[in-house]
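Report on the structure given below.
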Amino acid sequence: MDALSTRVREAKNNKEVVSIAYVGNIVDVWEKFEQEGIFVELGSDQTSLHNPWAGGYYPVGQSFEESNRMMAEEPELFHEKVQATLRRHAAAVNAHSARGTYFFDYGNAFLLEASRAGAEIMANNGIDFKYPSYVQDILGPMCFDYGFGPFRWVCASGNPEDLQKTDAIACQVLEEMMLRSPEEIQQQMADNIQWIKGAQQNKLVVGSQARILYADAEGRMLIAEAFNKAIERGDIGPIILGRDHHDVSGTDSPYRETSNIYDGSRFTADMAIQNVIGDSFRGATWVSIHNGGGVGWGEVINGGFGMLLDGTTEADRRLKMMLHWDVNNGIARRSWARNEGAVFAIKRAMEVEPRLKVTSQWFRLICK
Ligand SMILES: NC(=O)c1ccc[n+]([C@@H]2O[C@H](COP(=O)([O-])OP(=O)(O)OC[C@H]3O[C@@H](n4cnc5c(N)ncnc54)[C@H](O)[C@@H]3O)[C@@H](O)[C@H]2O)c1
């Protein structure tokens, strides 16, 4: 622990850009840094607190082996130790935060489990947490509200050359789109282009020839359309489209994906269901509804889809119908919650597709 704090001070003094790994309990680190006055600019927690009682979070002050034994033989005592650790963990974070650390929830249920453990983590209104989730402050307003989310595809051929070609197609589509993109989404477009340009070089593929790329509704549709044409020409084999559950639509997760929806509806579980029903009628090859994605069983409902592109006219028709719904369904929900980016995005979507009508008295007023 002393070696860690010495190394961190050295790195700070030298303004080094360096990643340091410490094998041990995170609570010890927060507390040590507090005692030694080491300022933490940005903090979060990445333990597996969606699964606190079966190894996702280890109590402080005892060995890994002892924790594993206790988990199996004395689960109630283990439960108590986890909750006591969470209270200490939150207290240490609070002390840092009082000195100016920006702390955010990473979507691992840290704040939720800390609150259940009775930690000092609630805001004054007794409903919200003291700290934002990264979706509330960053990802929601910058990406989800505008329809940007993790679009995915898999090359059914398993051929790395197909993936290379699809990367190039996707990049070209985004670069063309960026030339006419409104200012509000220029930064997101630039980030996504940078990502896809570096994807091959960074060797992100470990199994299936698959890619993930943030894109908005228009981007997803245009990329998929270009893939389908390339398949028709015989340039590449069939492609299966999908997306992560951590997206604009399809997931109702009040402590993560929908945490920046402030009209009260984030505690409902209907968007995921509407999403898969809409996707299935609009041509998805399969849909799935599942529970627990990322934040734990009972805390979230996820809807997902898969769509096979085989180069046919029928696939072209389906991809446009389905992807349009898959994203705009969530933007509509976000616009009803008055999220600024979503109001902008849904107005734009209605201009591009006049058959899309998003009902809202409030929305009609501001559109005038
Ligand atoms: N925000 C996102 O986009 C996003 C994406 C993926 C995962 N997640 C969430 O983040 C969490 C972590 O995901 P992961 O895939 O890295 O999980 P993981 O289980 O692979 O890693 C968690 C690590 O935390 C360690 N750990 C547990 N308690 C600890 C403690 N007290 N001190 C120090 N280390 C401790 C575990 O030993 C493990 O190595 C999960 O809850 C997951 O749902 C969020």
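Letters for chains follow the order of the structure tokens (A, B, ...), residue numbers begin at 1 for each chain, and ligand numbers begin at 1 in the order shown.
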
- Task: May I have all residues of region 37-197 of chain A that DSSP, computed from the backbone, assigns to strand (DSSP E or B), given as an NGL selection string?
- Result: :A and (42-43 or 102-103 or 105 or 122 or 129 or 133 or 149-155)

Write out, as a compact mmCIF listing (two decimals), in the first residue's frame, the residues just selected, with N, CA and C atoms.
# COMPACT_ATOMS: atom_id res chain seq x y z
N LEU A 42 -11.09 12.10 -10.36
CA LEU A 42 -12.26 11.42 -10.92
C LEU A 42 -12.32 10.01 -10.33
N GLY A 43 -13.47 9.62 -9.80
CA GLY A 43 -13.55 8.30 -9.18
C GLY A 43 -14.83 7.58 -9.52
N TYR A 102 -14.79 14.19 -8.27
CA TYR A 102 -16.04 13.94 -8.98
C TYR A 102 -16.23 12.42 -8.99
N PHE A 103 -17.26 11.95 -8.27
CA PHE A 103 -17.52 10.52 -8.21
C PHE A 103 -18.80 10.22 -8.97
N ASP A 105 -21.43 6.79 -10.49
CA ASP A 105 -21.73 5.36 -10.48
C ASP A 105 -21.50 4.81 -11.88
N MET A 122 -27.55 8.83 0.10
CA MET A 122 -28.77 9.40 -0.47
C MET A 122 -28.70 10.94 -0.51
N PHE A 129 -29.85 9.48 -5.43
CA PHE A 129 -28.54 9.29 -4.82
C PHE A 129 -27.78 10.62 -4.84
N SER A 133 -25.23 8.78 -11.91
CA SER A 133 -24.69 7.65 -12.66
C SER A 133 -24.06 8.24 -13.92
N GLY A 149 -26.04 4.83 -29.94
CA GLY A 149 -25.88 3.67 -29.07
C GLY A 149 -25.09 2.60 -29.79
N PRO A 150 -24.77 1.52 -29.05
CA PRO A 150 -23.84 0.50 -29.54
C PRO A 150 -24.46 -0.46 -30.55
N PHE A 151 -24.43 -0.04 -31.78
CA PHE A 151 -24.88 -0.85 -32.91
C PHE A 151 -23.83 -1.95 -33.13
N ARG A 152 -24.29 -3.13 -33.54
CA ARG A 152 -23.34 -4.25 -33.70
C ARG A 152 -23.61 -5.03 -34.96
N TRP A 153 -22.56 -5.67 -35.45
CA TRP A 153 -22.78 -6.63 -36.54
C TRP A 153 -21.78 -7.77 -36.44
N VAL A 154 -22.20 -8.90 -36.98
CA VAL A 154 -21.34 -10.09 -37.00
C VAL A 154 -21.27 -10.56 -38.45
N CYS A 155 -20.07 -10.87 -38.92
CA CYS A 155 -19.93 -11.41 -40.27
C CYS A 155 -20.16 -12.93 -40.20

List all protein, DNA and RNA residues that have any atom at most 8 Å from ligand 1, counting only C-alpha atoms and all ligand atoms, and write the list as an mmCIF file with N, CA and C atoms, in the first residue's frame.
data_model
loop_
_atom_site.group_PDB
_atom_site.id
_atom_site.type_symbol
_atom_site.label_atom_id
_atom_site.label_comp_id
_atom_site.auth_asym_id
_atom_site.auth_seq_id
_atom_site.Cartn_x
_atom_site.Cartn_y
_atom_site.Cartn_z
ATOM 1 N N VAL A 23 -3.375 -4.929 -6.472
ATOM 2 C CA VAL A 23 -4.170 -6.130 -6.166
ATOM 3 C C VAL A 23 -4.510 -6.079 -4.684
ATOM 4 N N GLY A 24 -5.766 -5.827 -4.392
ATOM 5 C CA GLY A 24 -6.180 -5.724 -2.999
ATOM 6 C C GLY A 24 -7.570 -5.141 -2.926
ATOM 7 N N ASN A 25 -7.966 -4.750 -1.735
ATOM 8 C CA ASN A 25 -9.336 -4.266 -1.574
ATOM 9 C C ASN A 25 -9.414 -2.764 -1.831
ATOM 10 N N ILE A 26 -10.399 -2.377 -2.593
ATOM 11 C CA ILE A 26 -10.516 -0.975 -3.022
ATOM 12 C C ILE A 26 -10.772 -0.031 -1.843
ATOM 13 N N VAL A 27 -11.427 -0.539 -0.814
ATOM 14 C CA VAL A 27 -11.729 0.317 0.340
ATOM 15 C C VAL A 27 -10.425 0.758 1.012
ATOM 16 N N ASP A 45 -16.518 3.104 -9.303
ATOM 17 C CA ASP A 45 -16.274 1.774 -8.748
ATOM 18 C C ASP A 45 -16.694 0.735 -9.777
ATOM 19 N N GLN A 46 -15.849 -0.262 -9.944
ATOM 20 C CA GLN A 46 -16.117 -1.231 -11.001
ATOM 21 C C GLN A 46 -16.149 -2.666 -10.483
ATOM 22 N N THR A 47 -16.467 -2.825 -9.190
ATOM 23 C CA THR A 47 -16.657 -4.183 -8.674
ATOM 24 C C THR A 47 -17.989 -4.702 -9.224
ATOM 25 N N SER A 48 -18.230 -6.016 -9.085
ATOM 26 C CA SER A 48 -19.460 -6.591 -9.668
ATOM 27 C C SER A 48 -20.612 -6.568 -8.665
ATOM 28 N N LEU A 49 -21.036 -5.347 -8.311
ATOM 29 C CA LEU A 49 -22.063 -5.234 -7.275
ATOM 30 C C LEU A 49 -23.473 -5.590 -7.751
ATOM 31 N N HIS A 50 -23.599 -5.935 -9.021
ATOM 32 C CA HIS A 50 -24.897 -6.470 -9.448
ATOM 33 C C HIS A 50 -25.077 -7.874 -8.849
ATOM 34 N N ASN A 51 -23.998 -8.396 -8.292
ATOM 35 C CA ASN A 51 -23.992 -9.762 -7.746
ATOM 36 C C ASN A 51 -23.244 -9.742 -6.404
ATOM 37 N N GLY A 55 -19.799 -13.303 -4.726
ATOM 38 C CA GLY A 55 -18.450 -13.088 -5.237
ATOM 39 C C GLY A 55 -18.256 -11.848 -6.074
ATOM 40 N N GLY A 56 -19.302 -11.031 -6.203
ATOM 41 C CA GLY A 56 -19.127 -9.806 -6.993
ATOM 42 C C GLY A 56 -18.426 -8.703 -6.218
ATOM 43 N N TYR A 57 -18.429 -8.812 -4.884
ATOM 44 C CA TYR A 57 -17.866 -7.746 -4.044
ATOM 45 C C TYR A 57 -17.249 -8.381 -2.804
ATOM 46 N N TYR A 58 -15.988 -8.075 -2.555
ATOM 47 C CA TYR A 58 -15.260 -8.720 -1.460
ATOM 48 C C TYR A 58 -15.102 -7.798 -0.255
ATOM 49 N N PRO A 59 -15.428 -8.317 0.935
ATOM 50 C CA PRO A 59 -15.315 -7.503 2.154
ATOM 51 C C PRO A 59 -13.878 -7.105 2.446
ATOM 52 N N VAL A 60 -13.730 -5.948 3.056
ATOM 53 C CA VAL A 60 -12.400 -5.449 3.427
ATOM 54 C C VAL A 60 -11.951 -6.138 4.740
ATOM 55 N N THR A 85 -18.691 -3.282 4.681
ATOM 56 C CA THR A 85 -17.656 -2.759 3.768
ATOM 57 C C THR A 85 -18.235 -1.659 2.890
ATOM 58 N N TYR A 106 -20.782 3.694 -11.947
ATOM 59 C CA TYR A 106 -20.396 3.127 -13.236
ATOM 60 C C TYR A 106 -21.485 2.214 -13.824
ATOM 61 N N GLY A 107 -22.610 2.099 -13.118
ATOM 62 C CA GLY A 107 -23.650 1.208 -13.633
ATOM 63 C C GLY A 107 -23.474 -0.200 -13.121
ATOM 64 N N ASN A 108 -22.766 -0.341 -11.998
ATOM 65 C CA ASN A 108 -22.539 -1.667 -11.424
ATOM 66 C C ASN A 108 -23.363 -1.853 -10.155
ATOM 67 N N ALA A 109 -24.317 -0.955 -9.911
ATOM 68 C CA ALA A 109 -25.203 -1.004 -8.744
ATOM 69 C C ALA A 109 -24.477 -0.638 -7.440
ATOM 70 N N TYR A 134 -23.166 7.508 -14.544
ATOM 71 C CA TYR A 134 -22.513 8.029 -15.744
ATOM 72 C C TYR A 134 -23.544 8.236 -16.860
ATOM 73 N N HIS A 246 -27.304 -1.981 -23.611
ATOM 74 C CA HIS A 246 -26.947 -0.695 -23.024
ATOM 75 C C HIS A 246 -27.115 0.380 -24.099
ATOM 76 N N ARG A 256 -29.546 2.791 -14.410
ATOM 77 C CA ARG A 256 -28.521 2.848 -15.432
ATOM 78 C C ARG A 256 -29.088 3.425 -16.735
ATOM 79 N N GLY A 293 -29.670 -7.563 -17.154
ATOM 80 C CA GLY A 293 -28.475 -7.143 -17.894
ATOM 81 C C GLY A 293 -27.641 -6.083 -17.174
ATOM 82 N N GLY A 294 -26.491 -6.469 -16.665
ATOM 83 C CA GLY A 294 -25.527 -5.528 -16.104
ATOM 84 C C GLY A 294 -25.789 -5.088 -14.690
ATOM 85 N N VAL A 295 -27.045 -4.857 -14.313
ATOM 86 C CA VAL A 295 -27.275 -4.323 -12.966
ATOM 87 C C VAL A 295 -27.916 -5.339 -12.019
ATOM 88 N N GLY A 296 -28.217 -6.525 -12.504
ATOM 89 C CA GLY A 296 -28.694 -7.571 -11.597
ATOM 90 C C GLY A 296 -30.147 -7.950 -11.799
#

- Message: Just to confirm, what's the straight-line distance from CA of Leu174 (chain A) to CA of Asn159 (chain A) in Å (one decimal)?
- Response: 23.2 Å

Set the distance at 7 Å and use only C-alpha atoms: which residues neighbour Ala217 (chain A) once local chain neighbours fewer than 5 positions away are removed? I'd like the list as a PDB file with C-alpha atoms, in the first residue's frame.
ATOM      1  CA  GLY A 147     -30.096   8.060 -30.579  1.00  0.00           C
ATOM      2  CA  LEU A 323     -33.929   0.009 -37.156  1.00  0.00           C
ATOM      3  CA  HIS A 324     -36.066   3.144 -37.443  1.00  0.00           C
ATOM      4  CA  VAL A 327     -33.998   3.624 -31.975  1.00  0.00           C
TER       5      VAL A 327
END

- Where in region 30-269 of chain A does DSSP assign alpha helix (DSSP H), given as JSON, numbers by chain? {"A": [30, 31, 32, 33, 34, 35, 64, 65, 66, 67, 68, 69, 70, 71, 72, 73, 75, 76, 77, 78, 79, 80, 81, 82, 83, 84, 85, 86, 87, 88, 89, 90, 91, 92, 93, 94, 95, 96, 97, 98, 110, 111, 112, 113, 114, 115, 116, 134, 140, 141, 142, 160, 161, 162, 163, 164, 165, 166, 167, 168, 169, 170, 171, 172, 173, 174, 175, 176, 177, 178, 179, 186, 187, 188, 189, 190, 191, 192, 193, 194, 195, 196, 197, 198, 199, 217, 218, 219, 220, 221, 222, 223, 224, 225, 226, 227, 228, 229, 230, 231, 232, 233]}

- Between CA of Leu4 (chain A) and CA of Ile20 (chain A), what is the distance, to one decimal in Å?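 For CA of Leu4 (chain A) relative to CA of Ile20 (chain A), the distance reads 8.3 Å.
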
- Query: region 333-336 of chain A: which residues within 12 Å, counting only C-alpha atoms, same-chain residues fewer than 5 positions away excluded, as number ranges by chain?
  - Reply: A: 140-141, 143-147, 248-252, 257-266, 268, 270-272, 274-275, 326-328, 341-349, 358-364, 366

- Task: Could you tell me how far CA of Gly283 (chain A) lies from CA of Asp235 (chain A), in Å and to one decimal?
- Result: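 Distance reported for this atom pair: 24.0 Å.
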
- Query: Taking into account only C-alpha atoms, which residue in the set A:Gly242, A:Lys229, A:Ala156, A:Gly234 is nearest to Ser208 (chain A)?
  - Reply: A:Ala156

- Query: For Arg99 (chain A), which residue out of A:Pro254, A:Pro75, A:Gly158, A:Gly37 is the nearest one, using only C-alpha atoms?
  - Reply: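 Looking at the shortest contact to Arg99 (chain A), the residue is A:Gly37.
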
- Which residues, written as a PyMOL selection string, have at least one atom at most 12 Å from Gln209 (chain A), with only C-alpha atoms counted and residues fewer than 2 positions away on the same chain left out? chain A and resi 152-167+200+203-207+211-212+237-240

Export of the given selection (C-alpha atoms) as a CSV table (one decimal), in the first residue's frame:
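This went into selection-v2.csv:
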chain,number,residue,atom,x,y,z
A,152,ARG,CA,-23.3,-4.3,-33.7
A,153,TRP,CA,-22.8,-6.6,-36.5
A,154,VAL,CA,-21.3,-10.1,-37.0
A,155,CYS,CA,-19.9,-11.4,-40.3
A,156,ALA,CA,-21.7,-14.8,-40.7
A,157,SER,CA,-18.8,-16.0,-43.0
A,158,GLY,CA,-16.4,-15.7,-40.0
A,159,ASN,CA,-14.0,-14.2,-42.5
A,160,PRO,CA,-11.7,-11.4,-41.2
A,161,GLU,CA,-11.7,-9.8,-44.7
A,162,ASP,CA,-15.4,-9.4,-44.5
A,163,LEU,CA,-15.0,-7.5,-41.2
A,164,GLN,CA,-12.4,-5.3,-42.7
A,165,LYS,CA,-14.7,-4.5,-45.6
A,166,THR,CA,-17.6,-3.7,-43.3
A,167,ASP,CA,-15.4,-1.4,-41.2
A,200,GLN,CA,-8.6,-3.0,-36.9
A,203,LYS,CA,-7.3,-5.7,-32.6
A,204,LEU,CA,-10.5,-5.7,-30.7
A,205,VAL,CA,-11.8,-9.0,-32.1
A,206,VAL,CA,-11.2,-12.1,-30.0
A,207,GLY,CA,-13.8,-14.5,-31.4
A,211,ARG,CA,-17.9,-5.2,-34.5
A,212,ILE,CA,-19.6,-2.7,-32.2
A,237,GLY,CA,-21.1,-12.7,-47.0
A,238,PRO,CA,-24.3,-12.3,-44.9
A,239,ILE,CA,-24.3,-10.1,-41.9
A,240,ILE,CA,-26.2,-10.4,-38.6

- Message: Show me, as a ChimeraX atom specification, the residues that have an atom within 12 Å of Glu176 (chain A) when counting only C-alpha atoms, minus same-chain residues fewer than 5 positions from it.
- Response: /A:169-171,181,189-190,193,218-219,222-223

- Message: For a quick check of understanding, using only C-alpha atoms, which of A:Val40, A:Val18, A:Ile273, A:Leu308 has the smallest distance to Ala98 (chain A)?
- Response: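 Among A:Val40, A:Val18, A:Ile273, A:Leu308, it is A:Val40 that comes nearest to Ala98 (chain A).
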